[in-house]
>>> print(open('query-v2.cif').read())   # mmCIF, C-alpha atoms
data_run
loop_
_atom_site.label_atom_id
_atom_site.label_comp_id
_atom_site.auth_asym_id
_atom_site.auth_seq_id
_atom_site.Cartn_x
_atom_site.Cartn_y
_atom_site.Cartn_z
CA MET A 5 8.33 22.23 15.61
CA LEU A 6 6.49 18.98 15.00
CA THR A 7 2.79 18.84 15.85
CA ILE A 8 1.54 15.65 17.48
CA VAL A 9 -2.17 15.32 18.16
CA THR A 10 -2.80 14.46 21.82
CA GLU A 11 -5.85 13.01 23.53
CA ASN A 12 -6.96 16.47 24.68
CA GLN A 13 -6.90 17.79 21.12
CA LYS A 14 -9.10 15.08 19.70
CA ALA A 15 -12.80 15.55 19.16
CA ARG A 16 -15.02 13.00 20.82
CA ALA A 17 -15.26 9.97 18.53
CA THR A 18 -18.63 8.39 17.76
CA ASN A 19 -19.61 5.32 15.80
CA LEU A 20 -16.06 3.97 15.88
CA LEU A 21 -16.99 0.39 15.02
CA PRO A 22 -18.80 1.18 11.71
CA LEU A 23 -15.94 3.49 10.77
CA PHE A 24 -13.33 0.83 11.43
CA ILE A 25 -15.34 -1.73 9.45
CA VAL A 26 -15.55 0.58 6.43
CA CYS A 27 -11.83 1.38 6.55
CA PHE A 28 -10.79 -2.23 7.16
CA VAL A 29 -12.96 -3.84 4.47
CA GLY A 30 -12.13 -1.10 1.99
CA ASN A 31 -8.41 -1.68 2.45
CA LEU A 32 -8.91 -5.44 2.32
CA PHE A 33 -10.39 -5.24 -1.17
CA ALA A 34 -7.74 -2.69 -2.16
CA GLY A 35 -5.07 -5.22 -1.21
CA SER A 36 -6.75 -7.88 -3.31
CA VAL A 37 -7.12 -5.55 -6.29
CA SER A 38 -3.50 -4.40 -6.01
CA THR A 39 -2.07 -7.89 -6.56
CA LEU A 40 -4.86 -9.41 -8.66
CA MET A 41 -3.09 -8.51 -11.88
CA SER A 42 0.15 -10.11 -10.69
CA VAL A 43 -1.37 -13.57 -10.27
CA TYR A 44 -3.39 -13.41 -13.50
CA LEU A 45 -0.73 -11.68 -15.60
CA PRO A 46 0.64 -14.87 -17.25
CA ASP A 47 -2.93 -15.82 -18.29
CA LEU A 48 -3.64 -12.34 -19.64
CA VAL A 49 -0.40 -12.45 -21.64
CA LYS A 50 -1.48 -15.73 -23.23
CA GLU A 51 -4.80 -14.23 -24.35
CA PHE A 52 -3.36 -10.98 -25.72
CA ARG A 53 -0.07 -12.41 -26.98
CA GLY A 54 -0.73 -12.20 -30.71
CA SER A 55 2.50 -11.84 -32.67
CA GLN A 56 4.40 -10.02 -29.91
CA SER A 57 7.81 -11.24 -28.82
CA ALA A 58 8.68 -12.27 -25.27
CA GLU A 59 10.63 -9.03 -24.81
CA GLN A 60 7.64 -6.93 -25.95
CA LEU A 61 5.37 -8.82 -23.57
CA ASN A 62 7.74 -8.18 -20.66
CA THR A 63 7.66 -4.48 -21.51
CA LEU A 64 3.84 -4.40 -21.70
CA SER A 65 3.58 -6.27 -18.41
CA GLY A 66 5.92 -3.76 -16.84
CA TYR A 67 3.76 -0.90 -18.08
CA ILE A 68 0.63 -2.47 -16.58
CA ASN A 69 2.19 -2.93 -13.15
CA SER A 70 3.87 0.47 -13.10
CA LEU A 71 0.72 2.33 -14.24
CA PHE A 72 -1.17 0.88 -11.29
CA ILE A 73 1.48 2.24 -8.94
CA PHE A 74 1.56 5.61 -10.71
CA GLY A 75 -2.21 5.75 -10.26
CA TRP A 76 -1.82 4.77 -6.60
CA ALA A 77 0.71 7.58 -6.02
CA ILE A 78 -1.31 10.26 -7.80
CA GLY A 79 -4.54 9.12 -6.16
CA GLY A 80 -2.95 9.07 -2.71
CA PHE A 81 -1.73 12.63 -3.07
CA LEU A 82 -4.85 14.09 -4.73
CA MET A 83 -7.27 12.29 -2.41
CA GLY A 84 -5.28 13.68 0.51
CA ILE A 85 -5.83 17.19 -0.81
CA ILE A 86 -9.53 16.43 -1.38
CA GLY A 87 -9.79 15.04 2.14
CA ASP A 88 -8.30 18.22 3.62
CA LYS A 89 -10.49 20.50 1.50
CA THR A 90 -13.88 18.74 1.45
CA GLY A 91 -13.77 16.24 4.30
CA ARG A 92 -12.54 12.76 5.10
CA LYS A 93 -15.82 10.87 4.65
CA MET A 94 -16.56 11.71 1.02
CA ALA A 95 -12.93 11.26 0.00
CA LEU A 96 -12.92 7.83 1.63
CA LEU A 97 -16.07 6.61 -0.13
CA LEU A 98 -15.04 8.12 -3.48
CA ALA A 99 -11.74 6.24 -3.31
CA ILE A 100 -13.41 2.89 -2.60
CA GLY A 101 -15.93 3.39 -5.39
CA CYS A 102 -13.22 4.36 -7.86
CA TYR A 103 -11.06 1.26 -7.52
CA GLY A 104 -14.11 -0.99 -7.36
CA ALA A 105 -15.59 0.32 -10.61
CA PHE A 106 -12.36 0.17 -12.59
CA THR A 107 -11.56 -3.31 -11.31
CA ILE A 108 -14.86 -4.49 -12.79
CA LEU A 109 -14.06 -2.75 -16.07
CA THR A 110 -10.67 -4.49 -16.22
CA GLY A 111 -12.47 -7.82 -16.55
CA PHE A 112 -14.11 -6.62 -19.79
CA ALA A 113 -10.88 -5.38 -21.35
CA PRO A 114 -10.58 -6.07 -25.12
CA SER A 115 -6.99 -4.79 -25.41
CA TRP A 116 -3.77 -3.89 -23.60
CA ALA A 117 -4.68 -0.19 -23.68
CA TRP A 118 -7.99 -0.82 -21.88
CA VAL A 119 -6.20 -2.85 -19.20
CA MET A 120 -3.63 -0.10 -18.65
CA ILE A 121 -6.26 2.63 -18.25
CA CYS A 122 -8.30 0.56 -15.82
CA ARG A 123 -5.26 -0.40 -13.76
CA PHE A 124 -4.24 3.26 -13.49
CA PHE A 125 -7.61 4.30 -12.07
CA SER A 126 -7.86 1.20 -9.88
CA GLY A 127 -4.56 2.28 -8.36
CA PHE A 128 -5.84 5.86 -8.09
CA GLY A 129 -8.71 4.79 -5.85
CA ALA A 130 -6.72 2.29 -3.79
CA GLY A 131 -3.96 4.80 -3.10
CA GLY A 132 -6.44 7.46 -2.05
CA LEU A 133 -8.17 5.05 0.29
CA LEU A 134 -4.94 4.12 2.07
CA VAL A 135 -4.17 7.75 2.89
CA ILE A 136 -7.66 8.82 3.93
CA SER A 137 -8.43 5.75 6.04
CA PHE A 138 -5.29 6.03 8.19
CA THR A 139 -5.71 9.80 8.46
CA LEU A 140 -9.31 9.45 9.59
CA ILE A 141 -8.60 6.72 12.14
CA SER A 142 -5.66 8.70 13.56
CA GLU A 143 -7.97 11.67 14.13
CA VAL A 144 -10.95 10.02 15.78
CA TRP A 145 -9.56 6.98 17.60
CA PRO A 146 -8.80 7.24 21.36
CA GLU A 147 -5.10 7.65 22.06
CA ARG A 148 -4.96 4.74 24.49
CA THR A 149 -5.77 2.10 21.86
CA LYS A 150 -4.89 3.94 18.64
CA ALA A 151 -1.56 2.17 18.01
CA VAL A 152 -3.12 -1.27 18.32
CA PHE A 153 -6.09 -0.52 16.07
CA ILE A 154 -3.97 1.14 13.41
CA GLY A 155 -1.88 -2.03 13.53
CA PHE A 156 -5.09 -4.00 12.99
CA LEU A 157 -6.04 -1.73 10.08
CA SER A 158 -2.63 -2.24 8.49
CA ILE A 159 -3.31 -5.98 8.16
CA ALA A 160 -6.32 -5.38 5.92
CA ILE A 161 -4.20 -5.11 2.77
CA PRO A 162 -2.23 -8.32 3.57
CA ILE A 163 -5.54 -10.11 4.09
CA GLY A 164 -6.56 -8.82 0.68
CA ILE A 165 -3.31 -10.12 -0.78
CA PHE A 166 -4.02 -13.50 0.80
CA SER A 167 -7.50 -13.48 -0.71
CA THR A 168 -5.94 -12.78 -4.11
CA GLY A 169 -4.21 -16.13 -3.87
CA LEU A 170 -7.54 -17.75 -3.03
CA VAL A 171 -9.25 -16.08 -5.99
CA ASN A 172 -6.49 -17.29 -8.30
CA PHE A 173 -6.61 -20.76 -6.75
CA PHE A 174 -10.36 -21.22 -7.28
CA VAL A 175 -11.15 -18.92 -10.26
CA ALA A 176 -9.19 -19.88 -13.34
CA SER A 177 -10.55 -17.15 -15.65
CA TRP A 178 -8.87 -13.79 -15.16
CA ARG A 179 -11.96 -12.00 -16.48
CA GLN A 180 -14.16 -13.58 -13.83
CA GLY A 181 -11.55 -12.88 -11.17
CA PHE A 182 -11.74 -9.12 -11.76
CA LEU A 183 -15.48 -9.10 -11.07
CA ILE A 184 -14.48 -8.99 -7.39
CA GLY A 185 -14.67 -5.21 -7.87
CA ILE A 186 -18.46 -5.43 -7.47
CA LEU A 187 -18.05 -5.93 -3.71
CA PRO A 188 -16.13 -2.73 -2.81
CA LEU A 189 -18.35 -0.71 -5.16
CA LEU A 190 -21.46 -1.83 -3.25
CA PHE A 191 -19.67 -1.31 0.04
CA ALA A 192 -18.85 2.32 -0.85
CA VAL A 193 -22.55 3.02 -1.34
CA ALA A 194 -23.42 1.42 2.01
CA GLY A 195 -20.67 3.40 3.74
CA PHE A 196 -22.51 6.66 3.05
CA TRP A 197 -24.94 5.76 5.87
CA MET A 198 -22.45 3.89 8.07
CA ILE A 199 -19.89 6.56 8.98
CA ASP A 200 -19.72 10.20 10.07
CA GLU A 201 -17.35 12.99 9.19
CA SER A 202 -14.29 13.54 11.38
CA GLU A 203 -15.31 15.93 14.16
CA LEU A 204 -11.71 17.09 14.46
CA TRP A 205 -11.69 18.11 10.78
CA LEU A 206 -15.07 19.86 11.14
CA LYS A 207 -13.78 21.78 14.14
CA ASP A 208 -10.59 22.82 12.37
CA ARG A 209 -12.50 24.01 9.29
CA SER A 210 -14.97 25.97 11.44
CA GLU A 211 -12.23 27.71 13.40
CA LYS A 212 -10.34 28.71 10.26
CA GLN A 213 -13.50 30.09 8.67
CA GLU A 214 -14.22 32.18 11.77
CA ILE A 215 -10.81 33.84 11.84
CA GLN A 216 -10.31 33.69 8.05
CA LYS A 217 -6.95 32.02 8.52
CA GLN A 218 -4.86 31.21 5.47
CA PRO A 219 -4.39 27.45 4.86
CA GLU A 220 -1.16 26.05 6.30
CA SER A 221 1.44 24.70 3.88
CA MET A 222 2.93 21.26 4.28
CA PHE A 223 6.13 22.71 2.76
CA SER A 224 6.53 25.26 5.54
CA ILE A 225 9.72 25.33 7.63
CA ASP A 226 8.01 23.49 10.49
CA ASN A 227 6.70 20.67 8.29
CA PHE A 228 9.26 20.25 5.51
CA LYS A 229 11.90 18.27 7.41
CA ILE A 230 9.54 15.59 8.70
CA LEU A 231 7.90 15.51 5.28
CA MET A 232 11.23 14.52 3.74
CA ILE A 233 12.02 11.98 6.48
CA GLY A 234 8.70 10.24 6.08
CA SER A 235 8.94 10.25 2.30
CA VAL A 236 12.41 8.67 2.19
CA ILE A 237 11.71 5.93 4.71
CA PHE A 238 8.25 5.00 3.42
CA GLY A 239 9.36 5.29 -0.19
CA THR A 240 12.41 3.02 0.03
CA MET A 241 10.38 0.25 1.62
CA LEU A 242 7.78 0.56 -1.13
CA ILE A 243 10.24 0.48 -4.01
CA GLY A 244 11.72 -2.84 -2.93
CA LEU A 245 8.53 -4.54 -1.86
CA TRP A 246 6.37 -3.48 -4.81
CA ALA A 247 9.01 -4.70 -7.21
CA ILE A 248 8.86 -8.04 -5.37
CA PHE A 249 5.06 -8.14 -5.06
CA SER A 250 4.51 -7.32 -8.72
CA TRP A 251 6.98 -9.80 -10.19
CA LEU A 252 7.16 -12.61 -7.60
CA PRO A 253 4.58 -14.87 -9.34
CA THR A 254 6.37 -14.40 -12.67
CA TRP A 255 9.72 -15.23 -11.03
CA ILE A 256 8.24 -18.42 -9.58
CA GLN A 257 6.86 -19.35 -13.00
CA SER A 258 10.38 -18.91 -14.44
CA LEU A 259 11.67 -21.58 -12.02
CA LEU A 260 9.18 -24.18 -13.21
CA ALA A 261 8.70 -25.82 -16.61
CA HIS A 262 4.98 -26.47 -16.16
CA ASP A 263 2.08 -24.03 -15.66
CA ALA A 264 2.64 -22.86 -12.05
CA ASN A 265 -0.87 -21.58 -11.40
CA LYS A 266 -1.09 -23.10 -7.90
CA GLU A 267 2.48 -22.16 -6.93
CA ARG A 268 1.86 -18.55 -7.98
CA GLY A 269 -1.32 -18.45 -5.95
CA LEU A 270 0.33 -19.97 -2.87
CA SER A 271 3.19 -17.47 -3.05
CA MET A 272 0.73 -14.57 -2.84
CA MET A 273 -1.05 -16.30 0.04
CA PHE A 274 2.24 -16.52 1.97
CA LEU A 275 2.90 -12.86 1.24
CA GLY A 276 -0.51 -12.05 2.65
CA MET A 277 -0.20 -14.26 5.73
CA GLY A 278 3.24 -12.88 6.59
CA GLY A 279 2.13 -9.30 6.12
CA LEU A 280 -0.93 -9.97 8.25
CA ALA A 281 1.17 -11.31 11.14
CA GLY A 282 3.61 -8.40 10.95
CA GLY A 283 0.92 -5.74 10.86
CA PHE A 284 -1.02 -7.39 13.68
CA ILE A 285 1.88 -7.15 16.12
CA SER A 286 3.23 -3.78 14.93
CA GLY A 287 1.36 -1.66 17.47
CA TRP A 288 2.67 -3.66 20.40
CA VAL A 289 6.18 -3.71 18.95
CA VAL A 290 6.25 0.10 18.71
CA ASN A 291 5.04 0.44 22.30
CA ILE A 292 7.82 -1.90 23.50
CA VAL A 293 10.92 -0.89 21.52
CA GLY A 294 9.98 2.39 19.80
CA PHE A 295 9.82 3.52 16.19
CA ARG A 296 13.53 3.67 15.36
CA LYS A 297 14.55 0.19 16.54
CA SER A 298 11.44 -1.30 14.96
CA LEU A 299 12.19 0.21 11.56
CA ILE A 300 15.87 -0.74 11.68
CA ALA A 301 14.84 -4.38 12.20
CA CYS A 302 12.31 -4.21 9.35
CA PHE A 303 14.75 -2.83 6.78
CA ALA A 304 17.64 -5.10 7.83
CA VAL A 305 15.59 -8.30 7.66
CA CYS A 306 13.95 -7.36 4.33
CA ALA A 307 17.39 -6.78 2.81
CA ALA A 308 18.75 -10.09 4.12
CA MET A 309 15.71 -12.13 3.07
CA SER A 310 15.76 -10.63 -0.43
CA PHE A 311 19.31 -11.94 -0.86
CA LEU A 312 18.33 -15.42 0.36
CA LEU A 313 15.19 -15.57 -1.74
CA PHE A 314 16.51 -14.38 -5.09
CA LYS A 315 20.20 -15.34 -4.98
CA THR A 316 20.14 -18.80 -3.37
CA ASN A 317 17.09 -20.33 -5.11
CA THR A 318 17.70 -21.46 -8.67
CA VAL A 319 15.07 -24.22 -8.59
CA PHE A 320 11.68 -24.23 -6.95
CA SER A 321 11.31 -25.75 -3.46
CA TRP A 322 9.07 -25.35 -0.43
CA VAL A 323 11.83 -23.31 1.28
CA ILE A 324 10.79 -20.43 -0.96
CA TYR A 325 7.43 -20.19 0.79
CA ALA A 326 9.12 -19.91 4.22
CA GLU A 327 11.45 -17.17 2.99
CA ILE A 328 8.54 -15.27 1.45
CA GLY A 329 6.68 -15.52 4.75
CA VAL A 330 9.54 -14.07 6.82
CA LEU A 331 10.05 -11.25 4.32
CA ALA A 332 6.34 -10.43 4.41
CA ILE A 333 6.21 -10.38 8.24
CA PHE A 334 8.72 -7.56 8.43
CA PHE A 335 7.17 -5.72 5.52
CA GLY A 336 3.78 -5.92 7.22
CA ALA A 337 5.25 -4.66 10.48
CA SER A 338 6.88 -1.71 8.70
CA GLN A 339 3.56 -0.65 7.18
CA GLY A 340 1.79 -0.75 10.53
CA ILE A 341 4.58 1.22 12.19
CA LEU A 342 4.77 3.90 9.50
CA SER A 343 0.98 4.16 9.22
CA LEU A 344 0.91 5.07 12.90
CA TYR A 345 3.96 7.33 12.80
CA ILE A 346 3.37 9.63 9.86
CA PRO A 347 -0.20 11.02 10.28
CA MET A 348 0.56 11.97 13.90
CA LEU A 349 3.22 14.46 12.82
CA PHE A 350 1.07 17.05 11.05
CA PRO A 351 -1.71 19.47 12.06
CA THR A 352 -5.29 18.71 11.09
CA GLY A 353 -5.49 21.16 8.21
CA ILE A 354 -2.73 19.46 6.21
CA ARG A 355 -2.72 15.99 7.75
CA ALA A 356 -4.25 14.11 4.82
CA SER A 357 -2.22 16.02 2.21
CA ALA A 358 1.08 15.57 4.06
CA THR A 359 0.38 11.91 4.78
CA GLY A 360 -0.50 11.40 1.13
CA PHE A 361 2.77 13.04 0.10
CA CYS A 362 4.85 10.86 2.46
CA PHE A 363 3.03 7.69 1.48
CA ASN A 364 3.17 8.30 -2.25
CA ILE A 365 6.11 10.39 -3.45
CA GLY A 366 8.19 7.22 -3.29
CA ARG A 367 5.62 5.37 -5.40
CA LEU A 368 6.64 7.39 -8.44
CA PHE A 369 10.09 5.82 -8.14
CA THR A 370 8.43 2.52 -7.24
CA ALA A 371 6.49 2.53 -10.50
CA ALA A 372 9.71 3.09 -12.40
CA ALA A 373 11.36 0.22 -10.52
CA VAL A 374 8.48 -2.14 -11.31
CA LEU A 375 8.64 -1.12 -14.96
CA PHE A 376 12.40 -1.62 -15.22
CA VAL A 377 12.28 -5.06 -13.63
CA GLY A 378 10.27 -6.16 -16.67
CA VAL A 379 12.21 -4.10 -19.20
CA LEU A 380 15.68 -5.05 -17.92
CA VAL A 381 15.03 -8.66 -16.95
CA THR A 382 16.99 -9.96 -19.94
CA VAL A 383 19.88 -7.54 -19.44
CA LEU A 384 20.13 -8.33 -15.74
CA GLY A 385 20.20 -12.09 -16.28
CA GLY A 386 16.71 -13.18 -15.26
CA TYR A 387 13.95 -12.26 -12.85
CA GLY A 388 15.90 -13.36 -9.77
CA ASN A 389 18.83 -11.03 -10.46
CA ALA A 390 16.53 -8.16 -11.44
CA LEU A 391 14.46 -8.46 -8.26
CA PHE A 392 17.53 -8.71 -6.04
CA ILE A 393 19.13 -5.61 -7.58
CA PHE A 394 16.00 -3.53 -7.04
CA SER A 395 15.59 -4.86 -3.48
CA LEU A 396 18.94 -3.25 -2.56
CA VAL A 397 16.87 -0.13 -1.94
CA PHE A 398 16.13 -1.66 1.49
CA VAL A 399 19.73 -0.86 2.38
CA VAL A 400 19.10 2.80 1.50
CA GLY A 401 16.10 2.85 3.83
CA LEU A 402 18.12 1.18 6.57
CA LEU A 403 20.84 3.83 6.31
CA ALA A 404 18.23 6.59 6.42
CA VAL A 405 16.76 5.26 9.66
CA VAL A 406 20.19 4.76 11.22
CA PHE A 407 21.55 8.21 10.40
CA ILE A 408 18.39 10.30 10.84
CA LYS A 409 18.48 10.47 14.61
CA ASN A 410 15.41 12.62 15.10
CA ILE A 411 13.11 9.93 13.79
CA THR A 412 12.46 9.22 17.47
CA ARG A 413 10.86 12.66 17.96
CA ALA A 414 7.43 11.08 17.39
CA GLU A 415 7.87 8.38 20.05
CA PRO A 416 4.71 7.80 22.11
CA GLN A 417 4.82 9.67 25.40
#
>>> encode(input="query-v2.cif", output="structure tokens")
Amino acid sequence: MLTIVTENQKARATNLLPLFIVCFVGNLFAGSVSTLMSVYLPDLVKEFRGSQSAEQLNTLSGYINSLFIFGWAIGGFLMGIIGDKTGRKMALLLAIGCYGAFTILTGFAPSWAWVMICRFFSGFGAGGLLVISFTLISEVWPERTKAVFIGFLSIAIPIGIFSTGLVNFFVASWRQGFLIGILPLLFAVAGFWMIDESELWLKDRSEKQEIQKQPESMFSIDNFKILMIGSVIFGTMLIGLWAIFSWLPTWIQSLLAHDANKERGLSMMFLGMGGLAGGFISGWVVNIVGFRKSLIACFAVCAAMSFLLFKTNTVFSWVIYAEIGVLAIFFGASQGILSLYIPMLFPTGIRASATGFCFNIGRLFTAAAVLFVGVLVTVLGGYGNALFIFSLVFVVGLLAVVFIKNITRAEPQ
């Protein structure tokens, strides 16, 4: 039987505003860090090119992007376990500090290997933050406004993506651009005094210690089915969108003969603005039409827009920005909807671990998809064809939502 935390089960929340600020700003910088390499990748390739062929550079670029996502997946899962074992607060601040520090170190990279290591650990921290922040907010926020504020929190990463475009637009040097990591690192230190531990987690730990209860398993009969449902739906959306996010600037560059620095930056800004709009309205959309109809719309539109974007545009035009914006709106909405849906389904003792599993098991396949876009771009006939083929995973997610009827079991009462 699924466990949904109700208002009566929640501990009284205090200091909600500082908590929301820490979670929101932390995710904002995580969004910026996650796409910072994408906009600067052509510049980094020029600096480290040496005697490598174009095919070798595509492979190295694929490794860089996929290692970030591997780090994100591993960090999301391990930070979830840490959050369940030692508390939400310290896991949250550790995650922010981790991606901030390794983002700074990326800017001092002397080689491809250094960049890859730093991107892995940047992803590790960012992925952990995503899991812990939504878990913590779902535990302490009042039920009446929880959906709306989780929707607000889900727009933090799109805002960060938008700011990535601004950084690229105004900061030409990729090494200087990565110094943005100083800000989340300082913010993690300040957060130690700004937020409190989840009272619901403290209560659960205290009760289990009193009765010496064995820890609950997220793979138990009661939890396994919803664990698989959440993993499939969240994972398929991630595979398609991360392939697009990671390689979109490079695809745009392939459509233009000149250095497309501004066009690449603007494309990421439209991704961010669209995602922001979708996440902002996601809470209200769920309350009006429910989880299942909302997710069906998100997957269907993402699949259709991927076809329009990558199969009908052979030269660059301003229409591309509009298509990117529509795609991003529905992606942003899906993230807000799923960020509300998944943490509610599990008991306190395994909530962060189970949420981390659902959010991140699909990222392992996502990292492989991002890698193979770069590796197979020549075989598949260009970036446009490669991106479209990998975006077909949206159809898989759509079918999962359509045929898994009990996805509505977590509908708000």
>>> residues_around(input="query-v2.cif", residues="Val399 of chain A", least_positions_apart="5", cutoff="9 Å", atoms="all atoms listed in the file", output="list in words")
Thr240, Phe303, Ala304, Cys306, Ala307 and Ala404 of chain A
>>> closest_residue(input="query-v2.cif", among="A:Ile256, A:Leu280, A:Ile341, A:Trp116", to="Phe320 of chain A", atoms="only C-alpha atoms")
A:Ile256
>>> closest_residue(input="query-v2.cif", among="A:Ile300, A:Ile154, A:Ile354, A:Ala105", to="Gly91 of chain A", atoms="only C-alpha atoms")
A:Ile354
>>> resolve_selection(input="query-v2.cif", expression="the PyMOL selection byres ((chain A and resi 68-84) around 7)", output="ChimeraX atom specification")
/A:64-67,85-88,95,120,123-132,135-136,250,356-357,360-361,364-365,367-368,371-372,374-375
>>> resolve_selection(input="query-v2.cif", expression="the PyMOL selection byres ((chain A and resi 315) around 12)", output="list in words")
Ala307, Ala308, Met309, Ser310, Phe311, Leu312, Leu313, Phe314, Thr316, Asn317, Thr318, Val319, Ile324, Glu327, Gly385, Gly386, Tyr387, Gly388, Asn389, Ala390, Leu391, Phe392, Ile393 and Ser395 of chain A
>>> resolve_selection(input="query-v2.cif", expression="the PyMOL selection byres ((chain A and resi 37-41) around 9)", output="mmCIF file with C-alpha atoms, in the coordinates of the input")
data_model
loop_
_atom_site.group_PDB
_atom_site.id
_atom_site.type_symbol
_atom_site.label_atom_id
_atom_site.label_comp_id
_atom_site.auth_asym_id
_atom_site.auth_seq_id
_atom_site.Cartn_x
_atom_site.Cartn_y
_atom_site.Cartn_z
ATOM 1 C CA LEU A 32 -8.910 -5.440 2.320
ATOM 2 C CA PHE A 33 -10.390 -5.240 -1.170
ATOM 3 C CA ALA A 34 -7.740 -2.690 -2.160
ATOM 4 C CA GLY A 35 -5.070 -5.220 -1.210
ATOM 5 C CA SER A 36 -6.750 -7.880 -3.310
ATOM 6 C CA SER A 42 0.150 -10.110 -10.690
ATOM 7 C CA VAL A 43 -1.370 -13.570 -10.270
ATOM 8 C CA TYR A 44 -3.390 -13.410 -13.500
ATOM 9 C CA LEU A 45 -0.730 -11.680 -15.600
ATOM 10 C CA LEU A 48 -3.640 -12.340 -19.640
ATOM 11 C CA ILE A 68 0.630 -2.470 -16.580
ATOM 12 C CA ASN A 69 2.190 -2.930 -13.150
ATOM 13 C CA PHE A 72 -1.170 0.880 -11.290
ATOM 14 C CA ILE A 73 1.480 2.240 -8.940
ATOM 15 C CA TYR A 103 -11.060 1.260 -7.520
ATOM 16 C CA GLY A 104 -14.110 -0.990 -7.360
ATOM 17 C CA THR A 107 -11.560 -3.310 -11.310
ATOM 18 C CA ARG A 123 -5.260 -0.400 -13.760
ATOM 19 C CA SER A 126 -7.860 1.200 -9.880
ATOM 20 C CA GLY A 127 -4.560 2.280 -8.360
ATOM 21 C CA ALA A 130 -6.720 2.290 -3.790
ATOM 22 C CA ILE A 161 -4.200 -5.110 2.770
ATOM 23 C CA GLY A 164 -6.560 -8.820 0.680
ATOM 24 C CA ILE A 165 -3.310 -10.120 -0.780
ATOM 25 C CA THR A 168 -5.940 -12.780 -4.110
ATOM 26 C CA GLY A 169 -4.210 -16.130 -3.870
ATOM 27 C CA VAL A 171 -9.250 -16.080 -5.990
ATOM 28 C CA ASN A 172 -6.490 -17.290 -8.300
ATOM 29 C CA TRP A 178 -8.870 -13.790 -15.160
ATOM 30 C CA GLY A 181 -11.550 -12.880 -11.170
ATOM 31 C CA PHE A 182 -11.740 -9.120 -11.760
ATOM 32 C CA ILE A 184 -14.480 -8.990 -7.390
ATOM 33 C CA GLY A 185 -14.670 -5.210 -7.870
ATOM 34 C CA PHE A 249 5.060 -8.140 -5.060
ATOM 35 C CA SER A 250 4.510 -7.320 -8.720
ATOM 36 C CA MET A 272 0.730 -14.570 -2.840
#
>>> atom_distance(input="query-v2.cif", atom1="atom CA of Leu259 of chain A", atom2="atom CA of Leu331 of chain A")
19.4 Å
>>> atom_distance(input="query-v2.cif", atom1="atom CA of Ser298 of chain A", atom2="atom CA of Ser338 of chain A")
7.8 Å
>>> atom_distance(input="query-v2.cif", atom1="atom CA of Thr110 of chain A", atom2="atom CA of Cys122 of chain A")
5.6 Å
>>> closest_residue(input="query-v2.cif", among="A:Thr90, A:Ser224, A:Asn19, A:Ser343", to="Phe153 of chain A", atoms="all atoms listed in the file")
A:Ser343
>>> closest_residue(input="query-v2.cif", among="A:Phe398, A:Pro114, A:Ala194, A:Ile108", to="Ile243 of chain A", atoms="only C-alpha atoms")
A:Phe398
>>> closest_residue(input="query-v2.cif", among="A:Pro46, A:Gly234, A:Gly195, A:Pro188", to="Phe24 of chain A", atoms="only C-alpha atoms")
A:Gly195
>>> residues_around(input="query-v2.cif", residues="segment 406-408 of chain A", least_positions_apart="4", cutoff="12 Å", atoms="only C-alpha atoms", output="JSON, numbers by chain")
{"A": [229, 230, 232, 233, 234, 236, 237, 295, 296, 297, 298, 299, 300, 301, 303, 304, 399, 400, 401, 402, 412, 413]}
>>> residues_around(input="query-v2.cif", residues="segment 284-294 of chain A", least_positions_apart="5", cutoff="7 Å", atoms="all atoms listed in the file", output="MDAnalysis selection string")
chainID A and resid 151:152 155:156 159 337 340:341 415
>>> closest_atom_pairs(input="query-v2.cif", of="segment 29-95 of chain A", to="segment 196-199 of chain A", cutoff="12 Å", atoms="only C-alpha atoms", output="tab-separated table")
residue	atom	partner	partner_atom	distance
A:Arg92	CA	A:Ile199	CA	10.4
A:Lys93	CA	A:Ile199	CA	7.3
A:Met94	CA	A:Phe196	CA	8.1
A:Ala95	CA	A:Phe196	CA	11.1
>>> closest_residue(input="query-v2.cif", among="A:Gly329, A:Leu231, A:Cys102, A:Val26", to="Thr359 of chain A", atoms="all atoms listed in the file")
A:Leu231
>>> axis_aligned_box(input="query-v2.cif", around="segment 328-335 of chain A", padding_each_side="8 Å", output="JSON")
{"center_x": 8.1, "center_y": -10.6, "center_z": 4.9, "size_x": 19.8, "size_y": 25.8, "size_z": 23.0}
>>> decode(input="query-v2.cif", residues="segment 159-164 of chain A", atoms="N, CA and C atoms", output="PDB file, in the first residue's frame")
ATOM      1  N   ILE A 159      11.262  25.698 -10.806  1.00  0.00           N
ATOM      2  CA  ILE A 159      11.707  26.651 -11.825  1.00  0.00           C
ATOM      3  C   ILE A 159      13.110  27.178 -11.539  1.00  0.00           C
ATOM      4  N   ALA A 160      13.680  26.789 -10.403  1.00  0.00           N
ATOM      5  CA  ALA A 160      15.016  27.285 -10.061  1.00  0.00           C
ATOM      6  C   ALA A 160      16.052  26.822 -11.077  1.00  0.00           C
ATOM      7  N   ILE A 161      16.000  25.557 -11.465  1.00  0.00           N
ATOM      8  CA  ILE A 161      16.970  25.045 -12.427  1.00  0.00           C
ATOM      9  C   ILE A 161      16.795  25.721 -13.789  1.00  0.00           C
ATOM     10  N   PRO A 162      15.549  25.886 -14.318  1.00  0.00           N
ATOM     11  CA  PRO A 162      15.413  26.649 -15.562  1.00  0.00           C
ATOM     12  C   PRO A 162      15.946  28.073 -15.472  1.00  0.00           C
ATOM     13  N   ILE A 163      15.766  28.721 -14.320  1.00  0.00           N
ATOM     14  CA  ILE A 163      16.348  30.055 -14.163  1.00  0.00           C
ATOM     15  C   ILE A 163      17.864  29.973 -14.255  1.00  0.00           C
ATOM     16  N   GLY A 164      18.423  28.922 -13.667  1.00  0.00           N
ATOM     17  CA  GLY A 164      19.864  28.717 -13.763  1.00  0.00           C
ATOM     18  C   GLY A 164      20.307  28.486 -15.200  1.00  0.00           C
TER      19      GLY A 164
END
